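Colleague: As input, take target_34.txt (compact mmCIF, C-alpha atoms and all ligand atoms):
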# COMPACT_ATOMS: atom_id res chain seq x y z
CA MET A 21 30.05 -22.30 -68.64
CA THR A 22 31.66 -18.85 -68.43
CA THR A 23 31.73 -17.53 -64.91
CA SER A 24 32.76 -14.38 -63.05
CA ASP A 25 32.22 -13.43 -59.44
CA ASP A 26 28.72 -12.13 -60.20
CA MET A 27 27.47 -13.78 -63.38
CA ASP A 28 27.28 -17.35 -64.69
CA VAL A 29 26.68 -17.90 -68.41
CA TYR A 30 25.34 -21.22 -69.74
CA PRO A 31 25.81 -21.47 -73.52
CA TYR A 32 23.25 -23.25 -75.70
CA SER A 33 24.68 -25.98 -77.86
CA PHE A 34 24.76 -25.32 -81.59
CA GLU A 35 25.70 -27.48 -84.51
CA GLY A 36 28.61 -25.74 -86.19
CA THR A 37 29.62 -22.12 -85.68
CA LEU A 38 27.35 -19.08 -85.97
CA GLN A 39 28.36 -16.94 -88.94
CA PHE A 40 28.62 -13.20 -88.29
CA PRO A 41 27.39 -10.67 -89.02
CA LEU A 42 23.83 -11.95 -88.92
CA ALA A 43 21.17 -10.43 -91.15
CA LEU A 44 19.98 -7.00 -90.01
CA PHE A 45 17.59 -7.34 -87.02
CA GLU A 46 18.13 -11.11 -86.82
CA SER A 47 18.61 -12.05 -83.17
CA VAL A 48 19.62 -15.50 -81.96
CA PRO A 49 19.49 -16.52 -78.28
CA ILE A 50 22.83 -18.15 -77.50
CA ALA A 51 23.00 -18.55 -73.72
CA ASP A 52 21.18 -18.30 -70.42
CA ALA A 53 22.79 -16.29 -67.67
CA GLN A 54 22.15 -15.87 -63.99
CA SER A 55 23.49 -13.28 -61.61
CA LYS A 56 24.58 -14.25 -58.14
CA SER A 57 21.49 -12.45 -56.81
CA GLY A 58 19.35 -14.91 -58.80
CA GLU A 59 18.19 -12.66 -61.65
CA ARG A 60 17.87 -14.43 -64.99
CA PHE A 61 19.06 -13.19 -68.37
CA VAL A 62 19.38 -14.37 -71.95
CA VAL A 63 22.39 -13.55 -74.10
CA VAL A 64 21.50 -12.89 -77.73
CA ALA A 65 23.65 -12.46 -80.80
CA GLY A 66 22.20 -9.71 -82.97
CA LEU A 67 19.59 -7.14 -81.95
CA ASP A 68 16.01 -7.31 -83.18
CA ARG A 69 14.11 -4.07 -83.84
CA HIS A 70 12.77 -3.83 -80.30
CA MET A 71 16.27 -4.24 -78.82
CA ALA A 72 17.74 -1.71 -81.25
CA GLU A 73 15.01 0.76 -80.29
CA GLN A 74 15.89 0.35 -76.62
CA VAL A 75 19.55 1.07 -77.39
CA LYS A 76 18.50 4.19 -79.31
CA HIS A 77 16.40 5.30 -76.37
CA TYR A 78 19.26 4.77 -73.87
CA SER A 79 21.64 6.62 -76.17
CA LEU A 80 19.47 9.74 -76.15
CA ASP A 81 19.19 9.76 -72.35
CA GLU A 82 20.76 13.03 -71.21
CA ASN A 83 20.43 11.91 -67.59
CA ASP A 84 23.03 9.20 -68.23
CA ALA A 85 26.03 11.48 -67.84
CA ASP A 86 28.58 8.62 -68.00
CA LEU A 87 27.22 7.38 -71.29
CA GLN A 88 27.05 10.88 -72.80
CA GLU A 89 30.52 11.82 -71.59
CA ASN A 90 32.33 8.61 -72.53
CA THR A 91 30.67 7.49 -75.74
CA SER A 92 29.49 8.69 -79.16
CA ASP A 93 26.25 6.75 -78.78
CA LYS A 94 23.99 9.79 -78.98
CA LYS A 95 25.39 10.43 -82.44
CA ARG A 96 25.85 6.74 -83.31
CA PHE A 97 22.50 5.26 -82.25
CA GLY A 98 20.38 8.16 -80.98
CA GLU A 99 20.59 10.54 -83.93
CA GLY A 100 22.24 8.15 -86.38
CA SER A 101 20.82 5.14 -88.14
CA TYR A 102 21.24 1.69 -86.61
CA GLU A 103 21.00 0.22 -90.12
CA GLU A 104 23.89 2.36 -91.34
CA TRP A 105 26.03 1.46 -88.31
CA TYR A 106 25.23 -2.23 -88.78
CA SER A 107 26.21 -2.11 -92.43
CA LYS A 108 29.84 -1.51 -91.38
CA GLY A 109 30.04 -5.21 -90.43
CA ARG A 110 29.28 -4.74 -86.74
CA THR A 111 28.30 -7.78 -84.65
CA PRO A 112 26.34 -6.83 -81.53
CA PHE A 113 25.38 -8.98 -78.56
CA ALA A 114 22.91 -8.09 -75.81
CA LEU A 115 22.19 -9.21 -72.27
CA ILE A 116 18.41 -9.31 -71.92
CA HIS A 117 16.71 -9.26 -68.52
CA GLU A 118 14.23 -12.11 -68.75
CA GLU A 119 11.51 -10.72 -66.48
CA SER A 120 11.32 -7.21 -67.99
CA ASP A 121 12.51 -8.11 -71.52
CA SER A 122 14.87 -5.14 -71.34
CA VAL A 123 18.32 -4.72 -72.82
CA THR A 124 20.63 -4.37 -69.82
CA ALA A 125 23.95 -4.34 -71.66
CA ILE A 126 25.41 -4.60 -75.12
CA CYS A 127 28.77 -5.49 -76.51
CA TRP A 128 29.80 -5.28 -80.13
CA PHE A 129 32.67 -6.15 -82.42
CA GLY A 130 33.71 -5.36 -85.95
CA PRO A 131 36.68 -4.96 -88.24
CA LYS A 132 38.47 -1.66 -87.58
CA PRO A 133 42.13 -0.64 -87.93
CA LEU A 134 44.09 -0.59 -84.67
CA GLY A 135 43.88 2.75 -82.89
CA GLN A 136 41.28 4.41 -85.11
CA LYS A 137 39.36 6.90 -83.01
CA SER A 138 35.63 6.69 -82.49
CA MET A 139 33.26 8.83 -84.56
CA LYS A 140 33.07 11.51 -81.92
CA TYR A 141 36.72 12.41 -82.46
CA LEU A 142 37.00 12.00 -86.25
CA SER A 143 36.94 14.78 -88.82
CA ASP A 144 34.78 14.19 -91.92
CA GLU A 145 37.95 13.51 -93.93
CA GLU A 146 39.23 10.97 -91.39
CA ARG A 147 35.87 9.25 -91.33
CA GLU A 148 35.85 8.88 -95.12
CA ALA A 149 39.49 7.72 -95.20
CA GLY A 150 38.82 5.19 -92.45
CA LYS A 151 36.20 3.45 -94.55
CA LYS A 152 38.84 2.62 -97.13
CA ILE A 153 41.48 1.18 -94.79
CA ASP A 154 41.97 -2.58 -94.82
CA ALA A 155 41.39 -3.72 -91.25
CA GLU A 156 44.24 -6.31 -91.35
CA ASN A 157 42.40 -8.55 -88.97
CA TRP A 158 42.08 -5.95 -86.24
CA HIS A 159 38.62 -6.00 -84.74
CA THR A 160 37.38 -3.50 -82.22
CA ILE A 161 35.27 -4.27 -79.15
CA SER A 162 32.94 -1.88 -77.32
CA TYR A 163 30.57 -2.38 -74.44
CA ARG A 164 27.87 -0.58 -72.50
CA SER A 165 25.71 -1.42 -69.50
CA TYR A 166 22.53 0.49 -68.76
CA ASN A 167 20.94 1.62 -65.52
CA PRO A 168 19.67 0.17 -63.27
CA PHE A 169 21.87 -2.80 -64.24
CA ARG A 170 25.16 -0.88 -64.40
CA GLY A 171 27.76 -1.55 -61.72
CA LYS A 172 26.21 -4.88 -60.71
CA GLY A 173 29.16 -7.02 -61.74
CA HIS A 174 27.41 -8.56 -64.78
CA MET A 175 29.81 -7.32 -67.41
CA ARG A 176 32.88 -9.52 -67.07
CA GLY A 177 30.94 -12.77 -67.46
CA PHE A 178 28.78 -11.36 -70.26
CA VAL A 179 31.59 -9.73 -72.25
CA GLN A 180 33.95 -12.68 -71.82
CA PHE A 181 31.29 -14.95 -73.25
CA CYS A 182 30.75 -12.55 -76.19
CA ILE A 183 34.50 -12.49 -76.88
CA ASP A 184 34.67 -16.29 -76.86
CA THR A 185 31.68 -16.53 -79.21
CA TYR A 186 33.01 -13.89 -81.60
CA LEU A 187 36.44 -15.48 -81.76
CA LYS A 188 34.92 -18.82 -82.71
CA ALA A 189 33.60 -17.10 -85.85
CA TYR A 190 36.80 -15.04 -86.40
CA PRO A 191 39.61 -17.18 -84.90
CA ASP A 192 42.36 -14.97 -86.32
CA ALA A 193 40.86 -11.66 -85.18
CA LYS A 194 43.06 -9.45 -82.99
CA LEU A 195 40.89 -7.48 -80.57
CA TRP A 196 41.47 -3.92 -79.44
CA ALA A 197 39.52 -1.20 -77.66
CA ILE A 198 39.83 2.56 -77.18
CA PHE A 199 38.74 4.55 -74.12
CA ASN A 200 38.86 7.98 -72.61
CA SER A 201 41.78 7.67 -70.18
CA LYS A 202 39.55 9.03 -67.39
CA ASN A 203 37.03 6.23 -67.90
CA GLU A 204 38.21 4.02 -65.06
CA GLY A 205 35.27 1.61 -65.26
CA SER A 206 35.86 0.75 -68.92
CA ILE A 207 39.60 0.47 -68.47
CA GLY A 208 39.22 -1.65 -65.32
CA LEU A 209 36.87 -4.02 -67.13
CA ALA A 210 39.18 -4.23 -70.17
CA GLN A 211 42.13 -5.09 -67.93
CA LYS A 212 40.14 -7.86 -66.29
CA LEU A 213 39.31 -9.18 -69.76
CA GLY A 214 42.99 -9.37 -70.68
CA PHE A 215 43.45 -6.07 -72.55
CA PRO A 216 46.54 -4.25 -71.23
CA PRO A 217 47.13 -0.63 -72.33
CA ARG A 218 49.14 -0.20 -75.52
CA PRO A 219 50.85 3.22 -75.15
CA ASP A 220 52.35 3.27 -78.66
CA ALA A 221 48.89 3.04 -80.22
CA SER A 222 47.30 5.70 -78.03
CA HIS A 223 46.39 9.31 -78.62
CA PRO A 224 47.72 11.08 -75.51
CA GLU A 225 46.83 14.50 -76.83
CA GLU A 226 43.16 13.56 -76.73
CA HIS A 227 43.27 11.56 -73.50
CA LEU A 228 42.50 8.32 -75.28
CA VAL A 229 44.01 4.98 -74.37
CA THR A 230 44.20 2.01 -76.71
CA MET A 231 44.13 -1.50 -75.22
CA VAL A 232 44.97 -4.70 -77.10
CA ARG A 233 43.91 -8.22 -76.10
CA GLU A 234 46.84 -10.54 -75.52
C1 LIG A 301 32.04 0.74 -68.52
C2 LIG A 301 30.85 -0.10 -68.22
C3 LIG A 301 30.46 -0.91 -69.46
C4 LIG A 301 31.18 -1.07 -67.09
O1 LIG A 301 30.02 -1.78 -66.77
P1 LIG A 301 29.56 -2.02 -65.27
O2 LIG A 301 28.14 -2.50 -65.29
O3 LIG A 301 29.82 -0.79 -64.49
O4 LIG A 301 30.58 -3.15 -64.89
P2 LIG A 301 30.52 -4.26 -63.76
O5 LIG A 301 29.82 -3.80 -62.54
O6 LIG A 301 30.05 -5.52 -64.36
O7 LIG A 301 32.09 -4.40 -63.45
C5 LIG A 301 32.94 -4.96 -64.43
C6 LIG A 301 34.35 -5.15 -63.90
O8 LIG A 301 35.07 -3.93 -64.01
C7 LIG A 301 35.57 -3.55 -62.75
N1 LIG A 301 35.39 -2.12 -62.56
C8 LIG A 301 34.24 -1.45 -62.60
N2 LIG A 301 34.45 -0.15 -62.34
C9 LIG A 301 35.79 -0.02 -62.12
C10 LIG A 301 36.63 1.07 -61.82
N3 LIG A 301 36.16 2.31 -61.66
N4 LIG A 301 37.96 0.84 -61.70
C11 LIG A 301 38.46 -0.41 -61.86
N5 LIG A 301 37.70 -1.49 -62.15
C12 LIG A 301 36.39 -1.29 -62.28
C13 LIG A 301 34.72 -4.29 -61.73
O9 LIG A 301 35.47 -4.55 -60.56
C14 LIG A 301 34.34 -5.54 -62.44
O10 LIG A 301 35.29 -6.58 -62.29
P3 LIG A 301 34.87 -7.96 -61.57
O11 LIG A 301 33.77 -8.56 -62.36
O12 LIG A 301 36.12 -8.77 -61.61
O13 LIG A 301 34.44 -7.58 -60.20
C15 LIG A 301 29.64 0.76 -67.77
O14 LIG A 301 30.00 1.44 -66.61
C16 LIG A 301 29.16 1.75 -68.80
O15 LIG A 301 28.54 1.37 -69.79
N6 LIG A 301 29.39 3.04 -68.52
C17 LIG A 301 28.89 4.15 -69.32
C18 LIG A 301 29.35 4.20 -70.70
C19 LIG A 301 30.77 3.82 -70.90
O16 LIG A 301 31.67 4.43 -70.41
N7 LIG A 301 30.91 2.78 -71.73
C20 LIG A 301 32.17 2.33 -72.20
C21 LIG A 301 32.69 3.29 -73.21
S1 LIG A 301 34.04 2.68 -74.06
I need this file expressed as structure tokens, please.
Modeller:
Amino acid sequence: MTTSDDMDVYPYSFEGTLQFPLALFESVPIADAQSKSGERFVVVAGLDRHMAEQVKHYSLDENDADLQENTSDKKRFGEGSYEEWYSKGRTPFALIHEESDSVTAICWFGPKPLGQKSMKYLSDEEREAGKKIDAENWHTISYRSYNPFRGKGHMRGFVQFCIDTYLKAYPDAKLWAIFNSKNEGSIGLAQKLGFPPRPDASHPEEHLVTMVRE
């Protein structure tokens, strides 16, 4: 069991290790989870079409100022193609609220060179060059929670479980994340997950901070 103050995660038992990435739109339930307030969730590896559509919908939500300000998701999932994003070797997980069948949070991983900025900050040339770089075992992690489930203390238990699951499939992966330095929630969560800031890999001119899991 993975546990945090507000979320307990109970993994299903599998024979062998799940191989990632899964096929596009394949989604495998991998754990039950329960919040301290008694709400029940399922953790899935991979998003099916319905889950991917929910993420697209959330990403286009202009009322979610935090999401719009701190992420490229409008471009990535809202206007962009989930299929194209997935084809970069991304491995998403989702926390599904059992009663409403809604995606409450996602977390994803994938090979990406240390410190490479997110799409929002890349020029067309940088984006093309980035596709050719060997990732040297660096894998990035990103996470989102969605209202009304944001700020409920679910994320540490959920994301820690996703990290553990991903690292079983990629035991040599070195994990890193990049955030807007004003994004205290993301940085606070990363610190709790064991990602201290890495100043030498940051982009101070653009207020970005890179954090590497130790
Ligand atoms: C960042 C985000 C994923 C955090 O999710 P959340 O639902 O708010 O997180 P939780 O309530 O589960 O809290 C997670 C942990 O981070 C800590 N935390 C949350 N906000 C914090 C803050 N402002 N400062 C320091 N720590 C903070 C919490 O104390 C908690 O730790 P705990 O479990 O030990 O108590 C979520 O706010 C989000 O998606 N925001 C909008 C988009 C975004 O910025 N995404 C990340 C872009 S990289």
Colleague: Given all atoms listed in the file as the basis, pick out the residue of A:Leu134, A:Met231, A:Leu87, A:Ile50 nearest to ligand LIG 301 (chain A).
Modeller: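 When distances to ligand LIG 301 (chain A) are compared using all atoms listed in the file, the smallest one comes from A:Leu87.
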Colleague: Need to verify the contact set: region 214-218 of chain A, 8 Å, only C-alpha atoms, exclusion of same-chain residues closer than 4 positions in sequence. Can you return it as a PDB file with C-alpha atoms, keeping the file's coordinate frame?
Modeller:
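So around.pdb came out as:
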ATOM      1  CA  TRP A 196      41.470  -3.920 -79.440  1.00  0.00           C
ATOM      2  CA  ALA A 210      39.180  -4.230 -70.170  1.00  0.00           C
ATOM      3  CA  SER A 222      47.300   5.700 -78.030  1.00  0.00           C
ATOM      4  CA  VAL A 229      44.010   4.980 -74.370  1.00  0.00           C
ATOM      5  CA  THR A 230      44.200   2.010 -76.710  1.00  0.00           C
ATOM      6  CA  MET A 231      44.130  -1.500 -75.220  1.00  0.00           C
ATOM      7  CA  VAL A 232      44.970  -4.700 -77.100  1.00  0.00           C
ATOM      8  CA  ARG A 233      43.910  -8.220 -76.100  1.00  0.00           C
ATOM      9  CA  GLU A 234      46.840 -10.540 -75.520  1.00  0.00           C
TER      10      GLU A 234
END
Colleague: Give the residues close to ligand LIG 301 (chain A), within 9 Å, counting all atoms listed in the file; write them as a PyMOL selection string.
Modeller: chain A and resi 24-27+84-92+124-127+161-167+169-178+197-200+203-213
Colleague: Restricting the calculation to all atoms listed in the file, which member of A:Pro112, A:Gly135, A:Pro168, A:Gly58 is positioned closest to Thr185 (chain A)?
Modeller: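 Closest to Thr185 (chain A), using all atoms listed in the file: A:Pro112.
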Colleague: Which polymer residues have any atom within 6 Å of an atom of region 64-72 of chain A, counting all atoms listed in the file, with same-chain residues fewer than 5 positions away left out, as a list in words?
Modeller: Phe45, Glu46, Ser47, Val48, Pro49, Ile50, Pro112, Phe113 and Ala114 of chain A
Colleague: So, with all atoms listed in the file as the atoms that count, which of A:Asp184, A:Lys94, A:Glu104, A:Lys76 lies closest to Pro31 (chain A)?
Modeller: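 Looking at the shortest contact to Pro31 (chain A), the residue is A:Asp184.
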Colleague: Quick one, how far is CA of Lys95 (chain A) from CA of Trp158 (chain A)?
Modeller: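 One can read the CA of Lys95 (chain A) to CA of Trp158 (chain A) distance as 23.7 Å.
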Colleague: Can you tell me how far CA of His117 (chain A) sits from CA of Tyr32 (chain A), in Å to one decimal?
Modeller: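 It comes out at 17.0 Å.
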Colleague: Just checking: using all atoms listed in the file, which residue out of A:Arg96, A:Lys56, A:Arg110, A:His227 ends up closest to Gly130 (chain A)?
Modeller: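 Closest to Gly130 (chain A), using all atoms listed in the file: A:Arg110.
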Colleague: In Å, how far is it from CA of Thr111 (chain A) to CA of Phe97 (chain A)?
Modeller: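 If I compute the distance from CA of Thr111 (chain A) to CA of Phe97 (chain A), I get 14.5 Å.
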Colleague: Using all atoms listed in the file, what residues lie at most 12 Å away from (36.2, -17.0, -82.7) (file coordinates), given as a PyMOL selection string?
Modeller: chain A and resi 37-40+129+159+180-195
Colleague: Considering only C-alpha atoms, return as JSON, numbers by chain whatever protein or nucleic-acid residues lie within 12 Å of Ser107 (chain A), sequence-local ones (same chain, fewer than 6 positions apart) excluded.
Modeller: {"A": [41, 42, 43, 44, 45, 101, 130, 131, 151]}
Colleague: Name all residues at most 12 Å from Ser120 (chain A) (count all atoms listed in the file; drop same-chain ones fewer than 6 positions away) and give them as a list in words.
Modeller: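 Answer for this query is Glu59, Arg60, Phe61 and Val62 of chain A.
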